[in-house]
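Working notes for the structure below.
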Amino acid sequence: MIGYLLRRLAQMLPLVVLVASLVFSLIHLIPGDPVEMMLGDGARTADVEALRHELGLDRPLGTQYVEFLAGLVRGDLGRSLHFGEPVTAVLWKHYPATLQLALVSMLAALLFALPLGVLAALRRNGPVDHASRFLALLGVSLPNFWFGPMLILLFAIHLDWLPVSGRGGWRSMVLPAVTLGTALAGLLTRMVRSSLAEELHRPYLITARAKGLPFFAATVRHATKNAAIPVVTVVGLQFGALLTGAIITETIFSWPGLGRLLIQAIQLRDYPLVQGGVLVMSLTYLLLNLATDLTYAVLDPRIRLEER
């Protein structure tokens, strides 16, 4: 297992360098002078030159790139122009809120999708199966930018059950978590149903039942583990999508997370903070893919053998 992990880390290293290079190019691909855009058209020449020197943009491009990578290794992403603090410190203050929202959304989606998908697979073409397919289609069809405001109008304004925005306890988390997790719940329901339904007709399960193992025990002991591999794929990839897709949801509900911070940084033209936010989201996505690969190896040891 350790060898498998080391190989995956070695394979991920070029991707990390590529992502860092793309993020570094962000400020250099902006049309016009980014320093003048930060300070505005009425900025004095001395202020423009001072900020350019502070950001290191007056140095050769190769030197800037090397210093950027060296700072990344040290955990130094520069200083936020708006907050006046290190970018790493600003991101660290907001990252837990985004992670919390993504985890709760994922948990809510799993609690809904797993039992419904399993029941739909066990009762194919029955009322539960038809209802699950309808709910799954409905879930993936509701866009966050529409569904979130509708929930606010109903549960926060009309019924006054839940707060409109902010992060102040479990009640404030309900609406953004439901908004963010609804589409994922629909996707996972369909994936669990199709994956488990396919495993139920595999020869190994038929053999287990022929030897006297009850249907429920055979399903739980054998089919669910094999059916979990494609589901883990979706969960791993979609959890990364939750972190990046939280930008819209956090903006709607004024959730103090990384997505809302990134929107504010763009509006304030705080490009060091924009660079840091994009980099952290990208690296988080890569780490989640690595965690998904490791989960594969735990569920199916043959995957480790194929890598040798």
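Numbering starts fresh at 1 for the residues of each chain in the structure tokens, the chains themselves are lettered A, B, ... in the order given, and ligands are numbered from 1 as they appear.
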
DSSP helix (DSSP H, G or I) selection over range 51-251 of chain A, as a ChimeraX atom specification: /A:51-55,61-74,87-122,127-141,144-158,171-199,203-210,215-251

Residue contacts of range 10-17 of chain A (12 Å, only C-alpha atoms) excluding same-chain residues fewer than 5 positions away, as number ranges by chain: A: 3-5, 22-24, 65-66, 68-70, 72-73, 279-291, 293, 307

Residues within 9 Å of range 248-256 of chain A, only C-alpha atoms, excluding chain neighbours under 6 positions, as a list in words: His94, Tyr95, Ala97, Thr98, Leu101, Asn144, Phe145, Gly148, Pro149, Ile152, Val164, Ser165, Gly166, Arg167, Ser172, Met173, Leu175, Pro176, Ala177, Thr179, Leu180 and Ile263 of chain A

Go ahead and write the selection's residues with N, CA and C atoms as a CSV table (one decimal), in the first residue's frame.
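Wrote it out as again-v9.csv, contents follow:
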```
chain,number,residue,atom,x,y,z
A,94,HIS,N,-11.0,31.2,5.7
A,94,HIS,CA,-12.3,30.9,5.0
A,94,HIS,C,-12.4,29.5,4.5
A,95,TYR,N,-11.3,28.8,4.4
A,95,TYR,CA,-11.3,27.4,3.9
A,95,TYR,C,-12.1,26.5,4.8
A,97,ALA,N,-14.9,26.9,6.4
A,97,ALA,CA,-16.3,27.1,6.1
A,97,ALA,C,-16.7,26.4,4.8
A,98,THR,N,-15.9,26.5,3.8
A,98,THR,CA,-16.2,25.8,2.5
A,98,THR,C,-16.1,24.3,2.7
A,101,LEU,N,-19.2,23.1,4.6
A,101,LEU,CA,-20.4,23.1,3.8
A,101,LEU,C,-20.4,21.9,2.8
A,144,ASN,N,-28.4,25.7,-9.2
A,144,ASN,CA,-28.2,26.3,-7.8
A,144,ASN,C,-28.6,27.7,-7.8
A,145,PHE,N,-28.3,28.5,-8.9
A,145,PHE,CA,-28.7,29.9,-8.8
A,145,PHE,C,-30.2,30.2,-8.8
A,148,GLY,N,-31.5,27.9,-4.9
A,148,GLY,CA,-31.2,28.5,-3.7
A,148,GLY,C,-32.1,29.7,-3.3
A,149,PRO,N,-32.3,30.7,-4.2
A,149,PRO,CA,-33.3,31.7,-3.9
A,149,PRO,C,-34.7,31.2,-3.7
A,152,ILE,N,-34.8,30.1,-0.2
A,152,ILE,CA,-34.8,31.3,0.7
A,152,ILE,C,-36.2,31.9,0.8
A,164,VAL,N,-31.7,33.5,6.6
A,164,VAL,CA,-31.5,33.8,5.2
A,164,VAL,C,-30.1,33.6,4.8
A,165,SER,N,-29.2,34.0,5.6
A,165,SER,CA,-27.8,34.0,5.2
A,165,SER,C,-26.9,33.9,6.4
A,166,GLY,N,-25.6,33.8,6.1
A,166,GLY,CA,-24.6,33.8,7.2
A,166,GLY,C,-24.3,32.4,7.7
A,167,ARG,N,-23.3,32.3,8.7
A,167,ARG,CA,-22.9,31.1,9.2
A,167,ARG,C,-23.0,31.2,10.8
A,172,SER,N,-28.3,27.6,10.0
A,172,SER,CA,-27.9,28.4,8.9
A,172,SER,C,-27.3,27.6,7.8
A,173,MET,N,-27.0,26.3,8.1
A,173,MET,CA,-26.3,25.4,7.2
A,173,MET,C,-27.3,24.6,6.3
A,175,LEU,N,-30.1,25.4,4.4
A,175,LEU,CA,-30.5,25.8,3.1
A,175,LEU,C,-29.3,25.7,2.1
A,176,PRO,N,-28.1,26.2,2.4
A,176,PRO,CA,-27.0,26.1,1.5
A,176,PRO,C,-26.6,24.6,1.3
A,177,ALA,N,-26.7,23.8,2.3
A,177,ALA,CA,-26.3,22.4,2.1
A,177,ALA,C,-27.3,21.7,1.2
A,179,THR,N,-29.2,23.1,-1.1
A,179,THR,CA,-28.9,23.7,-2.4
A,179,THR,C,-27.8,23.0,-3.1
A,180,LEU,N,-26.7,22.9,-2.4
A,180,LEU,CA,-25.5,22.3,-3.0
A,180,LEU,C,-25.5,20.8,-3.2
A,263,ILE,N,-14.8,35.5,-5.2
A,263,ILE,CA,-15.6,36.5,-5.9
A,263,ILE,C,-15.3,37.9,-5.4
```

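CA of His28 in chain A is found 10.5 Å from CA of Tyr271 in chain A.
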
Near-Val128 in chain A list (8 Å; only C-alpha atoms; drop same-chain fewer than 4 positions) as a ChimeraX atom specification: /A:116,119-120,123-124,132

With C-alpha atoms retained, could you export that selection as a short mmCIF file (atom, residue, chain, number, x, y, z; two decimals), in the first residue's frame?
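That gives us out.cif:
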```
data_model
loop_
_atom_site.label_atom_id
_atom_site.label_comp_id
_atom_site.auth_asym_id
_atom_site.auth_seq_id
_atom_site.Cartn_x
_atom_site.Cartn_y
_atom_site.Cartn_z
CA LEU A 116 -33.03 5.14 -2.31
CA LEU A 119 -34.15 0.08 -2.90
CA ALA A 120 -34.52 1.05 -6.57
CA ARG A 123 -37.16 -3.34 -6.82
CA ARG A 124 -36.40 -2.58 -10.44
CA SER A 132 -36.20 7.36 -7.54
#
```

Close residues, Leu237 in chain A itself excluded, 9 Å, only C-alpha atoms, min 3 positions apart in chain, as a PDB file with C-alpha atoms, in the first residue's frame:
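Listing of result.pdb after writing:
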```pdb
ATOM      1  CA  VAL A 232     -16.618   6.044  -5.057  1.00  0.00           C
ATOM      2  CA  THR A 233     -15.467   7.506  -8.379  1.00  0.00           C
ATOM      3  CA  VAL A 234     -18.462   9.812  -8.518  1.00  0.00           C
ATOM      4  CA  GLY A 240     -14.086  18.323  -5.556  1.00  0.00           C
ATOM      5  CA  ALA A 241     -16.867  19.783  -7.658  1.00  0.00           C
ATOM      6  CA  LEU A 242     -18.710  20.723  -4.455  1.00  0.00           C
ATOM      7  CA  TYR A 285      -9.167  18.717  -6.278  1.00  0.00           C
ATOM      8  CA  LEU A 288      -9.272  14.355  -3.555  1.00  0.00           C
ATOM      9  CA  ASN A 289      -8.466  12.426  -6.725  1.00  0.00           C
ATOM     10  CA  THR A 292     -10.214   8.341  -4.479  1.00  0.00           C
TER      11      THR A 292
END
```

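Using only C-alpha atoms, the nearest neighbour of Val235 in chain A within the list A:Leu114, A:Met150, A:Ala156, A:Leu262 is A:Leu114.
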
Residues of range 183-300 of chain A at most 9 Å from range 89-92 of chain A: nearest atom pair and distance in Å, only C-alpha atoms, as a Markdown table:
```
| residue | atom | partner | partner_atom | distance |
| --- | --- | --- | --- | --- |
| A:Gly257 | CA | A:Leu91 | CA | 8.8 |
| A:Leu258 | CA | A:Leu91 | CA | 6.8 |
| A:Leu261 | CA | A:Leu91 | CA | 8.3 |
| A:Leu273 | CA | A:Leu91 | CA | 8.2 |
| A:Gly276 | CA | A:Leu91 | CA | 7.7 |
| A:Gly277 | CA | A:Leu91 | CA | 6.9 |
| A:Val280 | CA | A:Leu91 | CA | 8.4 |
```

Export, as a short mmCIF file (atom, residue, chain, number, x, y, z; two decimals), in the first residue's frame, the selected residues with C-alpha atoms.
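The resulting file, result-v1.cif, is shown below:
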```cif
data_model
loop_
_atom_site.label_atom_id
_atom_site.label_comp_id
_atom_site.auth_asym_id
_atom_site.auth_seq_id
_atom_site.Cartn_x
_atom_site.Cartn_y
_atom_site.Cartn_z
CA GLY A 257 -16.18 30.45 2.57
CA LEU A 258 -13.50 30.28 -0.05
CA LEU A 261 -13.90 35.16 -0.87
CA LEU A 273 -5.61 36.55 -3.38
CA GLY A 276 -4.02 31.84 -4.04
CA GLY A 277 -7.71 30.92 -4.04
CA VAL A 280 -5.86 26.07 -3.25
#
```

Residue nearest Gly186 in chain A among A:Thr45, A:Thr207, A:Ser141, A:Thr219 (counting only C-alpha atoms): A:Ser141

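Between Ser194 in chain A and the residues A:Phe155, A:Val231, A:Leu107, A:Gly126, the shortest atom-to-atom distance, using only C-alpha atoms, involves A:Val231.
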
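Minimum distance to Glu54 in chain A across A:Gly181, A:Pro272, A:Pro115, A:Pro143 (counting only C-alpha atoms) occurs at A:Pro272.
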
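Checking A:Gly139, A:Gly42, A:Pro214, A:Gly62 one by one against Ser25 in chain A, counting only C-alpha atoms, you find the shortest gap at A:Gly62.
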
Length of the CA of Leu184 in chain A to CA of Phe147 in chain A vector [Å]: 13.6 Å

Non-local contacts of Arg133 in chain A (12 Å; only C-alpha atoms; under 2 positions in same chain excluded) as a ChimeraX atom specification: /A:113,116-117,119-121,124-131,135-140,185-194
